[in-house]
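Read through the structure below, which is laid out as structure tokens, and then see the notes.
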Amino acid sequence: MKFNSPVETNLFDDAKIIGKPTQRVDGPLKVTGTAPYAYERNDAAPDALYGYPLGAAIGHGRITAMDAEAARNAPGVRAVVTTLDIDPLEKGMNNVARLFGGNEVQHYHQAIAVVVAETFEQARAAAARIDVTYEEGEAADLDLDAAFRRVEGSGEPDTLFGDVDAAFRDAAVVTDQMYHTPGESHTMMEPHASTVDWSDGGDMTVWTSNQMINWNHQSIATTFGIEPERIRVESPYVGGGFGAKLWLRADAVLAALGSRAAGVPVKLALPRPMVMNNTTHRSATVQRIRLAANPDGTLKGIWHEAAAYCLPGGRGENATAQTPIFYAGETRRVKNHVLDMPLPETADMRAPGEASGLMALEIAMDEMAEALEMDPVRFRIINDTQVNPSDPDIPFSDRHFVECLERGAEAFGWAERNTSAGGRRDGDWLIGHGVAGAYRGALVLPSGARAILDGGKLIIETDMTDIGTGSYTIIAQTAAETMGMSLDDVEMRMAHSAYPVSSGSGGQFGAPSSTSGVYAACMALREKIAGNLGLQDPTFADGNVVSGETRMSLSDINEEVSAEDAIEWGDFQDGYAMGTFGAHFVEVGVHAYTGETRVRRMLAVCDAGRILNPVTARSQVIGGMVMGVGAALSEDMALDRGRGFFANHDMASYEVAVHADIPDQQVIFLDTLDGVATPLKAKGVGELGLCGAAPAVANAMYNATGIRVRDYPLTMDKFIDQLPSI
Amino acid sequence: MRAFSYEKPANPSEAVARAAEVEGAKFLAGGTNLLDLMKHEIEAPAHVIDVNGLGLDEVTETEDGGLRIGTLVTNTALSAHPRIRRDYPVLTRAIAAGATGQLRNKATTGGNLLQRTRCPYFFDTNMPCNKRSPGSGCGALTEGAFSRQLGVIGTSSSCIATHPSDMAVAMRVLDAIVETVTPSGMTREIAVEDLHLLPGDTPERETALMPGELITHVRLPAPVGGTQAYHKVRDRASYAFALVSVALVRQADGTGRVALGGVAPKPWRRADADAQLPNGAAAVMSVLLDGATPTEENAFKLTLAERTLAAMLKEA
Amino acid sequence: MSPPIGFTLRRRTLLAGTAAAALTHSMTRDASAQTAEAPQPVGPQTSTVTLVVNGTPREITVDNRVSLLDALREHLKLTGTKKGCDHGQCGACTCTVNGERINACLSLAVMHDGDEIETIEGIGQPDNMDPMQAAFVEQDGFQCGYCTPGQIQSARKVIEEIRAGIPSHVTGDLTAEIAMTDAEIRERMSGNICRCGAYANILSAITQVAEENA
């Protein structure tokens, strides 16, 4: 199906299932522990042996010798493969550091050996018996601030609109500040894990935990130099990803090499202490934001320059992602610098770009509002735009940012907020309120599916994954709606490389793309059924196909009918800016003595087109808000600048939000429809909840204390000296 | 984890006799710290003596009105004990501030006192650490290292690790006494004050216990009364080790006792600092933290400790 | 002004490592474990234990090193209890031993001979869910599902622990009855990390069950 023009009225406008609160279809499996994750495929590979990895012990350099003799001779060991045993493997899609092979160490905990043994305990003990001798690389300057200062002002701007210098020269009010966001680790609950059968070196089966079946499939083929047709990839349950499982990683590579060497299926999970430095993370950023405003609060200029680090050839974090498009402004200059540093690999994490960019921009907006002596809600409303401000001929497909702010202000009780920084107390706690805008692009990707009608059952096959996002449920809802059947009639088969290629899960493109693909497949199935039955323009409702006087139950169609199709996105979408929008409102308490900051309530208002399932969508948004609390208050990858590794590489010392950190959360979805975005008029919402949540906390913290902290996380060590004297 | 043989003796004298007899033996109680360390091979006992069969899991009254706590009493049981809640509330508060419900159900009284530091350089066996591997250097004391969580006082140029326990801070402020049985079968007593050693040049020596010596009980003297409180400061609201914690016992006349956690290789208390309590938090800390040697990243703990105590004194 | 605390910043050393430095990193592990004359086990390295799992005695012979978690997952093939960190830092492995919740990753199977162990599989099945499991589905108290069995184990026990009067970090009066408040539930559930951030819905599920059987 080609999506070649904005959709007018269609069957989803009269929906019975789509848009209705619907419990997860995979729920009973998950709450009873019966959903099998990648390391638990006793159904498919009951005899798998145990793989255990060894990670490099230095930040960068090379290995001069490895002695694996003791490991090979250890009890129960079936095979040991060291990185010196093989040439560097080819790199899969978006792998920056190689995953295995050769003597070069590009980052700490890079995989350098795998041990296969009969038991987990034997494999783990033997891996610790491998002696490695290193030659450390030249010490590198890992100071991102200093690196930013060196490159500041250099290079062609990524976006340049109008005479920025004149705007700043002539503006009534100018702000200019530096902001810092730390490295962040995805820290999904299930570590990267795979079970691989490559026992005979022929066909390979990979049961893995991955967000993108097709990308993973292709990357495995590239990495091992074998035909994709010989590889099967399955990932039916994924214990969280947040971007960490977009790409092929060492777990699958090591399990494959171990399986090949031992001649048996092998399962391997990355030990938790290895996950942070071995896999990918969100780069820290340094950002300078200058704003220029007219006396009426309209922005005259936006100037955002940022830097992030990555390994040579990588992408880092583009903290300026939202700046060309989010707010109106007469002029703007935007530049992101990606700086090479020998550190663990940086890549996408939930809302890559906007998450850390808004952490800075939304503080800057708060600061400008204060400088203008203007309500920060009002200031954002004044600077709304219905066109791409850097390319005014391009309108937004559908944008209700102002409504988000207004609805949110009303629901939150913004009028009753604290208006004098440091002026409201509840016992020892300073109380503050903050707001931040939310923006995240609405990307869509091609996505395919197969729909099969078989004895009254509707089977959907697609390689789409469900990483907790609710794909099983919203796809089943889409299929049932399109076919006029009930949810109980649908059997979902997903996340298998034998099924049609979908968008996969990432960048909040999964829900809008994959449901459109399933809609396409179901429409193709409808056409096929109509053709088989010789019906003209039939309708599908209540389990029946109806045309004129003919009415037939779909369960009476004995022959299996199958149709496959994919959604393809037309160029007309290039004529629009597509995005999702929101507003976050937060109340915090800051302990007047200790500086401990705790969030007391949170509200998000979201504009993301049709909400396919308010239950799962709300869970995505509150989950993003929780991640935002962590980003604001505690998450911080602690860089050892001397050694070039992140020292707090476990779940005790990298502090994500726990239950006690999370207060009452409220989510309001605007009842919007975006016919440019998808046939379902829906956009993604999985990343929007994170975007803007952390700076809303930061602005509330400022409001509580009168202390402006521009360096995340907002821990007391950064401001305790400025708290009221005792 | 290294392979080990395992036994579960039925009484304390058998346990210590075996520990004396078998080279490389280690006592295992709740396991919440030791097994973690064994997975990293930071601890690598060849033989594990499971002490969970020794009894020693009761809290009994002593003649002087105090309590005698079996070493195997779990953190949950101890924190919930009616006498502790009524007469030693600082201990209940400290225990409840530590770890999680699951861990407290397993962790024991003796084991909690003997838990080892959470310093990231101690935990990462690729890193130098004088405590784990004497003479290899201190990973936390090199340029650019991460030391925000680490010690500010009582540390040395060999080691700046902290003792991570919350419970031990309350035990210290209550002047608890540890009862042990030595490898030769003798019993002895060690004041909690003297149980943990400062690192000096030998950070691998952490306690006054001799090899194979087993803690059997922890004794609390008669209740000291007063207003008791424990304030633990951390970044997230729960399930985190202390940046700074303060245990306080304050009498109606303003005198009292104060001990700190999260700042030193042992629960940190000084009698001459206690004496400053009537003069306020700043006066206490100017003595208690005198001579501190923080790093740039953890110097905030000095201010934080003072402000935390100030908040508590206002309440108490 | 308060009198300043007397301190001096601790001096740091530069890293010795340069391009030429060759390091053998196994040297920094426990020194005694590296030497040839390291102590050796003095008895069997395996043990036979009987775990009473979900009411059924199960005799297994395991390496002494096997955690209770791996005994369940790898030896008894009960994979509902999850391994999130294997170091007591996440709570995904929470199961019940003799009626109390613990982290199965930080306990050895050999320590549990004769113990009663309840796993998520013993609580309910997809077509016969326990009220807490049903409440989690109803309130959408999970997303990826990986922490969920541990959350449910804790959720059931937290209600019992509050009713049994076991104090928590947020309990007010230590000598009074403890109320089933949001704050009590949140604090007690903090040993179960949910990176998907379903906490608010988990709280709703627990509250629902607590009210149903009040």
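To be explicit about the labels: the chains of the structure tokens are called A, B, and onward in the order shown, and within each one the residues are counted from 1, while ligands get numbers from 1 in the order they are shown.
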
Distance limit 7 Å, atoms considered: only C-alpha atoms. Which chain B residues sit that close to chain C? Return them as a PyMOL selection string. chain B and resi 3-6+23-24+31-32+35-36+41-44+46-47+80+85-86+93+96-97+100-103+105-106+125-128+132-133+136+141-143+238-239+282+285-286+289-296

Give me every alpha helix (DSSP H) residue in segment 136-208 of chain B, going by DSSP on the backbone, as a VMD selection string. chain B and resid 167 to 173 192 to 195

May I have the residues of chain B within 7 Å of chain A, counting only C-alpha atoms, written as a ChimeraX atom specification? /B:1-2,120,126,143-146,235-238,240,300,304,307-308,311

Please produce a file of the residues just selected, as a JSON list (two decimals), in the first residue's frame, where the atoms kept are C-alpha atoms.
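Final output, saved to result_0.json:
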```
[["chain", "number", "residue", "atom", "x", "y", "z"],
["B", 1, "MET", "CA", 33.46, -18.00, 41.30],
["B", 2, "ARG", "CA", 36.05, -20.56, 42.36],
["B", 120, "PRO", "CA", 33.92, 0.72, 42.49],
["B", 126, "ASN", "CA", 40.64, -5.06, 36.48],
["B", 143, "GLU", "CA", 43.92, 11.71, 38.49],
["B", 144, "GLY", "CA", 40.46, 11.67, 36.98],
["B", 145, "ALA", "CA", 39.19, 8.74, 39.05],
["B", 146, "PHE", "CA", 35.63, 8.58, 40.38],
["B", 235, "ASP", "CA", 20.56, 10.55, 45.46],
["B", 236, "ARG", "CA", 17.60, 8.28, 44.83],
["B", 237, "ALA", "CA", 14.97, 7.79, 47.48],
["B", 238, "SER", "CA", 15.69, 4.15, 48.29],
["B", 240, "ALA", "CA", 21.19, 3.17, 47.52],
["B", 300, "PHE", "CA", 30.58, 18.23, 49.64],
["B", 304, "LEU", "CA", 26.27, 17.76, 53.84],
["B", 307, "ARG", "CA", 23.58, 20.34, 57.39],
["B", 308, "THR", "CA", 22.05, 16.90, 57.91],
["B", 311, "ALA", "CA", 18.19, 19.37, 60.35]]
```

For chain A against chain C, which residues fall within 6 Å using only C-alpha atoms, given as a CSV table (one decimal) with all heavy atoms, in the first residue's frame?
```csv
chain,number,residue,atom,x,y,z
A,27,GLY,N,-0.3,-10.1,28.2
A,27,GLY,CA,-0.2,-9.9,29.7
A,27,GLY,C,-0.2,-11.2,30.5
A,27,GLY,O,0.7,-11.4,31.3
A,28,PRO,N,-1.1,-12.1,30.3
A,28,PRO,CA,-1.1,-13.3,31.1
A,28,PRO,C,0.2,-14.1,31.0
A,28,PRO,O,0.6,-14.7,32.0
A,28,PRO,CB,-2.3,-14.1,30.6
A,28,PRO,CG,-3.2,-13.0,30.1
A,28,PRO,CD,-2.3,-12.0,29.5
A,29,LEU,N,0.8,-14.1,29.9
A,29,LEU,CA,2.1,-14.8,29.8
A,29,LEU,C,3.2,-14.1,30.6
A,29,LEU,O,4.0,-14.8,31.2
A,29,LEU,CB,2.6,-14.9,28.3
A,29,LEU,CG,1.8,-15.8,27.4
A,29,LEU,CD1,2.3,-15.7,26.0
A,29,LEU,CD2,1.7,-17.2,27.9
A,30,LYS,N,3.2,-12.8,30.6
A,30,LYS,CA,4.3,-12.1,31.3
A,30,LYS,C,4.1,-12.2,32.8
A,30,LYS,O,5.1,-12.3,33.5
A,30,LYS,CB,4.3,-10.7,30.8
A,30,LYS,CG,4.9,-10.6,29.4
A,30,LYS,CD,5.0,-9.1,28.9
A,30,LYS,CE,5.8,-9.0,27.6
A,30,LYS,NZ,5.8,-7.7,27.0
A,31,VAL,N,2.9,-12.1,33.3
A,31,VAL,CA,2.7,-12.0,34.7
A,31,VAL,C,2.8,-13.4,35.4
A,31,VAL,O,2.9,-13.6,36.6
A,31,VAL,CB,1.3,-11.4,35.2
A,31,VAL,CG1,1.3,-10.0,34.7
A,31,VAL,CG2,0.2,-12.2,34.7
A,32,THR,N,2.8,-14.5,34.5
A,32,THR,CA,3.0,-15.8,35.1
A,32,THR,C,4.4,-16.4,34.8
A,32,THR,O,4.6,-17.5,35.1
A,32,THR,CB,1.9,-16.8,34.5
A,32,THR,OG1,2.1,-16.7,33.1
A,32,THR,CG2,0.5,-16.4,34.9
A,33,GLY,N,5.2,-15.6,34.2
A,33,GLY,CA,6.6,-16.0,34.0
A,33,GLY,C,6.7,-17.1,32.8
A,33,GLY,O,7.7,-17.8,32.7
A,131,ASP,N,44.6,-15.2,31.1
A,131,ASP,CA,45.5,-14.1,31.4
A,131,ASP,C,45.7,-13.3,30.1
A,131,ASP,O,46.0,-13.9,29.0
A,131,ASP,CB,46.8,-14.7,31.8
A,131,ASP,CG,46.8,-15.1,33.3
A,131,ASP,OD1,45.9,-14.6,34.0
A,131,ASP,OD2,47.6,-15.9,33.7
A,132,VAL,N,45.6,-12.0,30.3
A,132,VAL,CA,45.7,-11.1,29.1
A,132,VAL,C,46.8,-10.1,29.4
A,132,VAL,O,46.9,-9.5,30.5
A,132,VAL,CB,44.4,-10.4,28.8
A,132,VAL,CG1,44.5,-9.7,27.5
A,132,VAL,CG2,43.2,-11.4,28.8
A,133,THR,N,47.7,-9.9,28.4
A,133,THR,CA,48.7,-8.8,28.6
A,133,THR,C,48.4,-7.7,27.5
A,133,THR,O,48.1,-8.0,26.4
A,133,THR,CB,50.1,-9.4,28.3
A,133,THR,OG1,50.3,-10.5,29.1
A,133,THR,CG2,51.1,-8.4,28.7
A,134,TYR,N,48.4,-6.5,28.0
A,134,TYR,CA,48.0,-5.4,27.2
A,134,TYR,C,49.1,-4.4,27.0
A,134,TYR,O,50.0,-4.3,27.9
A,134,TYR,CB,46.8,-4.6,27.8
A,134,TYR,CG,45.6,-5.4,28.1
A,134,TYR,CD1,45.4,-6.0,29.3
A,134,TYR,CD2,44.6,-5.5,27.2
A,134,TYR,CE1,44.2,-6.7,29.6
A,134,TYR,CE2,43.4,-6.2,27.4
A,134,TYR,CZ,43.2,-6.8,28.6
A,134,TYR,OH,42.1,-7.5,28.9
A,135,GLU,N,49.0,-3.7,26.0
A,135,GLU,CA,49.8,-2.5,25.8
A,135,GLU,C,48.8,-1.3,25.8
A,135,GLU,O,48.0,-1.3,24.8
A,135,GLU,CB,50.7,-2.5,24.5
A,135,GLU,CG,51.7,-1.4,24.4
A,135,GLU,CD,52.5,-1.7,23.1
A,135,GLU,OE1,53.4,-2.5,23.2
A,135,GLU,OE2,52.2,-1.0,22.1
A,136,GLU,N,48.9,-0.5,26.7
A,136,GLU,CA,47.9,0.6,26.8
A,136,GLU,C,48.1,1.7,25.7
A,136,GLU,O,49.3,2.0,25.4
A,136,GLU,CB,47.8,1.3,28.2
A,136,GLU,CG,47.4,0.3,29.2
A,136,GLU,CD,46.7,1.0,30.4
A,136,GLU,OE1,45.8,1.8,30.2
A,136,GLU,OE2,47.2,0.8,31.5
A,137,GLY,N,47.1,2.2,25.2
A,137,GLY,CA,47.2,3.3,24.2
A,137,GLY,C,47.6,4.6,24.8
A,137,GLY,O,47.6,4.7,26.0
A,138,GLU,N,47.9,5.5,24.0
A,138,GLU,CA,48.3,6.9,24.5
A,138,GLU,C,47.1,7.4,25.3
A,138,GLU,O,45.9,7.3,24.9
A,138,GLU,CB,48.5,7.8,23.3
A,138,GLU,CG,49.8,7.5,22.5
A,138,GLU,CD,51.0,8.0,23.2
A,138,GLU,OE1,50.9,8.6,24.2
A,138,GLU,OE2,52.1,7.6,22.7
A,188,MET,N,18.2,-1.6,30.6
A,188,MET,CA,17.0,-2.4,30.5
A,188,MET,C,17.1,-3.6,31.5
A,188,MET,O,18.3,-4.0,31.8
A,188,MET,CB,16.7,-2.8,29.1
A,188,MET,CG,17.8,-3.7,28.5
A,188,MET,SD,19.2,-2.8,28.0
A,188,MET,CE,20.5,-3.9,28.5
A,189,MET,N,16.0,-4.1,31.9
A,189,MET,CA,16.1,-5.1,33.0
A,189,MET,C,16.7,-6.5,32.5
A,189,MET,O,17.4,-7.1,33.2
A,189,MET,CB,14.7,-5.4,33.6
A,189,MET,CG,14.1,-4.2,34.3
A,189,MET,SD,15.2,-3.5,35.5
A,189,MET,CE,15.3,-4.8,36.7
A,190,GLU,N,16.4,-6.8,31.3
A,190,GLU,CA,17.1,-8.0,30.7
A,190,GLU,C,18.4,-7.6,30.0
A,190,GLU,O,18.3,-6.9,29.1
A,190,GLU,CB,16.1,-8.7,29.7
A,190,GLU,CG,16.7,-10.0,29.1
A,190,GLU,CD,16.1,-10.3,27.7
A,190,GLU,OE1,15.7,-9.4,27.0
A,190,GLU,OE2,16.2,-11.5,27.4
A,239,GLY,N,13.2,-8.1,27.0
A,239,GLY,CA,13.1,-7.5,28.4
A,239,GLY,C,13.6,-6.1,28.4
A,239,GLY,O,14.5,-5.7,29.2
A,240,GLY,N,13.1,-5.3,27.6
A,240,GLY,CA,13.4,-3.9,27.5
A,240,GLY,C,14.6,-3.6,26.6
A,240,GLY,O,15.4,-4.5,26.3
A,272,ARG,N,25.8,-8.4,34.0
A,272,ARG,CA,25.4,-7.0,34.2
A,272,ARG,C,26.6,-6.0,34.4
A,272,ARG,O,26.5,-4.9,33.8
A,272,ARG,CB,24.5,-6.9,35.4
A,272,ARG,CG,23.9,-5.5,35.7
A,272,ARG,CD,23.1,-4.9,34.6
A,272,ARG,NE,21.9,-5.5,34.4
A,272,ARG,CZ,20.9,-5.1,33.5
A,272,ARG,NH1,21.2,-4.0,32.8
A,272,ARG,NH2,19.8,-5.8,33.4
A,467,ILE,N,8.8,-4.7,22.6
A,467,ILE,CA,9.9,-4.5,23.7
A,467,ILE,C,9.3,-4.0,25.0
A,467,ILE,O,10.0,-3.4,25.8
A,467,ILE,CB,11.0,-3.6,23.2
A,467,ILE,CG1,10.5,-2.2,22.8
A,467,ILE,CG2,11.7,-4.3,21.9
A,467,ILE,CD1,11.7,-1.3,22.5
A,468,GLY,N,8.0,-4.2,25.1
A,468,GLY,CA,7.2,-3.7,26.3
A,468,GLY,C,6.3,-2.6,25.8
A,468,GLY,O,5.5,-2.0,26.6
A,623,GLY,N,6.2,5.7,31.7
A,623,GLY,CA,7.6,5.1,31.8
A,623,GLY,C,8.6,6.1,31.3
A,623,GLY,O,9.7,6.2,31.9
A,626,VAL,N,9.2,8.5,34.2
A,626,VAL,CA,10.1,7.8,35.2
A,626,VAL,C,11.6,8.0,34.8
A,626,VAL,O,12.4,8.3,35.6
A,626,VAL,CB,9.7,6.4,35.4
A,626,VAL,CG1,10.7,5.7,36.3
A,626,VAL,CG2,8.3,6.3,36.1
A,651,MET,N,24.1,-2.0,38.6
A,651,MET,CA,22.8,-1.4,38.9
A,651,MET,C,22.7,-0.8,40.3
A,651,MET,O,21.7,-0.2,40.7
A,651,MET,CB,21.7,-2.3,38.6
A,651,MET,CG,21.5,-2.6,37.1
A,651,MET,SD,20.2,-3.7,36.7
A,651,MET,CE,18.8,-2.7,37.1
A,652,ALA,N,23.8,-1.0,41.1
A,652,ALA,CA,23.8,-0.4,42.5
A,652,ALA,C,24.3,1.0,42.4
A,652,ALA,O,23.8,1.9,43.1
A,652,ALA,CB,24.6,-1.2,43.4
A,658,VAL,N,13.9,4.4,41.4
A,658,VAL,CA,13.2,3.2,42.0
A,658,VAL,C,11.8,3.7,42.3
A,658,VAL,O,11.4,4.8,42.2
A,658,VAL,CB,13.9,2.8,43.3
A,658,VAL,CG1,15.3,2.2,42.9
A,658,VAL,CG2,14.0,3.8,44.4
A,659,HIS,N,11.0,2.7,42.8
A,659,HIS,CA,9.6,3.0,43.1
A,659,HIS,C,9.4,4.2,44.0
A,659,HIS,O,8.5,5.0,43.7
A,659,HIS,CB,8.9,1.7,43.7
A,659,HIS,CG,7.5,1.7,43.5
A,659,HIS,ND1,6.8,0.5,43.1
A,659,HIS,CD2,6.5,2.6,43.6
A,659,HIS,CE1,5.5,0.8,43.0
A,659,HIS,NE2,5.3,2.1,43.3
A,660,ALA,N,10.2,4.3,45.0
A,660,ALA,CA,10.0,5.4,46.0
A,660,ALA,C,10.3,6.8,45.4
A,660,ALA,O,9.9,7.8,46.0
A,660,ALA,CB,10.9,5.2,47.2
```

Extract, using only C-alpha atoms, all DNA, RNA and protein residues at most 9 Å from segment 174-190 of chain B, discarding same-chain residues fewer than 6 positions from it, and format them as a ChimeraX atom specification. /B:12-21,88,90-91,110,208-221,223-224,249,257

Env of Val196 of chain A: 12 Å cut, atoms = only C-alpha atoms, seq-sep filter 6 positions within chain, self excluded. Answer as JSON, numbers by chain. {"A": [38, 39, 40, 41, 44, 45, 46, 47, 48, 49, 50, 51, 203, 204, 205, 206, 207, 208, 209, 220, 231, 232, 233, 234, 235, 251, 252, 253, 254, 255, 256, 257, 258, 259, 260, 261, 262, 263, 264, 265, 266, 267, 268, 269]}

Writing out the chosen residues with N, CA and C atoms as a short mmCIF file (atom, residue, chain, number, x, y, z; two decimals), in the first residue's frame:
```
data_model
loop_
_atom_site.label_atom_id
_atom_site.label_comp_id
_atom_site.auth_asym_id
_atom_site.auth_seq_id
_atom_site.Cartn_x
_atom_site.Cartn_y
_atom_site.Cartn_z
N ALA A 38 15.16 -14.61 25.66
CA ALA A 38 16.19 -15.19 24.78
C ALA A 38 17.05 -16.26 25.45
N TYR A 39 17.28 -16.14 26.74
CA TYR A 39 18.16 -17.08 27.43
C TYR A 39 17.38 -18.28 27.94
N GLU A 40 16.08 -18.28 27.65
CA GLU A 40 15.18 -19.26 28.29
C GLU A 40 14.52 -20.15 27.27
N ARG A 41 15.20 -20.39 26.13
CA ARG A 41 14.54 -21.11 25.05
C ARG A 41 14.71 -22.61 25.20
N ALA A 44 13.14 -24.55 22.46
CA ALA A 44 13.77 -24.64 21.13
C ALA A 44 15.18 -25.23 21.19
N ALA A 45 15.91 -24.91 22.23
CA ALA A 45 17.30 -25.36 22.33
C ALA A 45 17.55 -25.91 23.73
N PRO A 46 16.92 -27.04 24.05
CA PRO A 46 17.00 -27.54 25.43
C PRO A 46 18.41 -27.96 25.85
N ASP A 47 19.25 -28.24 24.89
CA ASP A 47 20.58 -28.74 25.24
C ASP A 47 21.67 -27.67 25.13
N ALA A 48 21.27 -26.44 25.06
CA ALA A 48 22.28 -25.38 24.91
C ALA A 48 23.26 -25.40 26.08
N LEU A 49 24.53 -25.22 25.75
CA LEU A 49 25.55 -25.07 26.79
C LEU A 49 25.72 -23.58 27.11
N TYR A 50 26.62 -23.33 28.04
CA TYR A 50 26.73 -22.00 28.62
C TYR A 50 27.95 -21.25 28.11
N GLY A 51 27.70 -20.07 27.58
CA GLY A 51 28.80 -19.20 27.17
C GLY A 51 29.01 -18.11 28.20
N ASP A 203 23.65 -23.66 8.73
CA ASP A 203 22.57 -22.75 9.06
C ASP A 203 22.70 -22.28 10.51
N MET A 204 22.30 -21.05 10.72
CA MET A 204 22.41 -20.48 12.06
C MET A 204 21.03 -20.05 12.55
N THR A 205 20.70 -20.45 13.77
CA THR A 205 19.48 -19.96 14.39
C THR A 205 19.85 -19.11 15.59
N VAL A 206 19.26 -17.93 15.64
CA VAL A 206 19.59 -16.97 16.70
C VAL A 206 18.31 -16.61 17.44
N TRP A 207 18.22 -17.07 18.68
CA TRP A 207 17.12 -16.65 19.56
C TRP A 207 17.71 -15.53 20.39
N THR A 208 17.25 -14.33 20.18
CA THR A 208 17.96 -13.21 20.76
C THR A 208 17.00 -12.21 21.37
N SER A 209 17.55 -11.18 21.97
CA SER A 209 16.76 -10.11 22.56
C SER A 209 17.11 -8.85 21.80
N ILE A 220 24.09 -9.96 11.17
CA ILE A 220 24.69 -11.28 11.44
C ILE A 220 25.29 -11.82 10.15
N ILE A 231 20.25 -17.89 7.84
CA ILE A 231 20.14 -17.40 9.21
C ILE A 231 18.67 -17.20 9.58
N ARG A 232 18.31 -17.65 10.76
CA ARG A 232 16.97 -17.42 11.28
C ARG A 232 17.10 -16.67 12.60
N VAL A 233 16.33 -15.61 12.74
CA VAL A 233 16.40 -14.79 13.95
C VAL A 233 15.01 -14.71 14.58
N GLU A 234 14.95 -14.96 15.87
CA GLU A 234 13.69 -14.84 16.60
C GLU A 234 13.90 -14.01 17.86
N SER A 235 12.94 -13.17 18.15
CA SER A 235 13.03 -12.34 19.35
C SER A 235 11.63 -12.01 19.86
N ASP A 251 26.68 -10.30 22.59
CA ASP A 251 26.05 -11.52 23.11
C ASP A 251 25.78 -12.51 21.99
N ALA A 252 25.18 -12.04 20.90
CA ALA A 252 24.87 -12.95 19.79
C ALA A 252 26.14 -13.41 19.09
N VAL A 253 27.09 -12.51 18.93
CA VAL A 253 28.33 -12.85 18.23
C VAL A 253 29.10 -13.92 19.02
N LEU A 254 29.22 -13.72 20.31
CA LEU A 254 29.97 -14.67 21.13
C LEU A 254 29.24 -16.01 21.22
N ALA A 255 27.93 -15.97 21.33
CA ALA A 255 27.19 -17.23 21.37
C ALA A 255 27.36 -17.99 20.05
N ALA A 256 27.38 -17.27 18.94
CA ALA A 256 27.56 -17.92 17.64
C ALA A 256 28.96 -18.53 17.53
N LEU A 257 29.96 -17.75 17.91
CA LEU A 257 31.33 -18.26 17.83
C LEU A 257 31.52 -19.44 18.78
N GLY A 258 30.92 -19.33 19.94
CA GLY A 258 31.02 -20.42 20.92
C GLY A 258 30.32 -21.67 20.41
N SER A 259 29.17 -21.48 19.79
CA SER A 259 28.42 -22.62 19.25
C SER A 259 29.20 -23.30 18.15
N ARG A 260 29.78 -22.48 17.30
CA ARG A 260 30.57 -23.05 16.19
C ARG A 260 31.77 -23.83 16.73
N ALA A 261 32.43 -23.26 17.74
CA ALA A 261 33.65 -23.89 18.26
C ALA A 261 33.33 -25.15 19.06
N ALA A 262 32.22 -25.13 19.79
CA ALA A 262 31.90 -26.28 20.64
C ALA A 262 31.02 -27.30 19.92
N GLY A 263 30.42 -26.87 18.80
CA GLY A 263 29.57 -27.80 18.06
C GLY A 263 28.24 -28.08 18.74
N VAL A 264 27.79 -27.14 19.55
CA VAL A 264 26.51 -27.27 20.25
C VAL A 264 25.85 -25.90 20.31
N PRO A 265 24.54 -25.87 20.52
CA PRO A 265 23.92 -24.56 20.76
C PRO A 265 24.47 -23.96 22.05
N VAL A 266 24.62 -22.64 22.05
CA VAL A 266 25.18 -21.96 23.21
C VAL A 266 24.31 -20.76 23.57
N LYS A 267 24.10 -20.59 24.87
CA LYS A 267 23.39 -19.38 25.31
C LYS A 267 24.34 -18.52 26.12
N LEU A 268 24.16 -17.22 25.95
CA LEU A 268 25.07 -16.28 26.62
C LEU A 268 24.33 -14.98 26.92
N ALA A 269 24.43 -14.56 28.16
CA ALA A 269 23.91 -13.24 28.55
C ALA A 269 25.08 -12.40 29.02
#
```

Using only C-alpha atoms, determine which residues lie at most 9 Å from Gly111 of chain B, disregarding the query and same-chain residues fewer than 2 positions distant; provide the list as a PyMOL selection string. chain B and resi 28-34+71-72+107-109+113-115+215

Find the residues near Leu144 of chain A: any atom within 8 Å, counting only C-alpha atoms, skip ones fewer than 2 places away on the same chain, and give them as a ChimeraX atom specification. /A:142,146-148,285-286,307-309

Suppose we keep C-alpha atoms; can you now write the selection as a short mmCIF file (atom, residue, chain, number, x, y, z; two decimals), in the first residue's frame?
```cif
data_model
loop_
_atom_site.label_atom_id
_atom_site.label_comp_id
_atom_site.auth_asym_id
_atom_site.auth_seq_id
_atom_site.Cartn_x
_atom_site.Cartn_y
_atom_site.Cartn_z
CA LEU A 142 38.58 13.02 27.71
CA ALA A 146 37.74 21.50 26.82
CA ALA A 147 37.03 19.75 23.53
CA PHE A 148 33.92 21.89 23.06
CA THR A 285 26.75 16.51 25.97
CA VAL A 286 28.01 20.04 26.44
CA ALA A 307 29.10 18.64 21.40
CA ALA A 308 29.05 14.94 22.12
CA TYR A 309 31.68 12.23 21.95
#
```
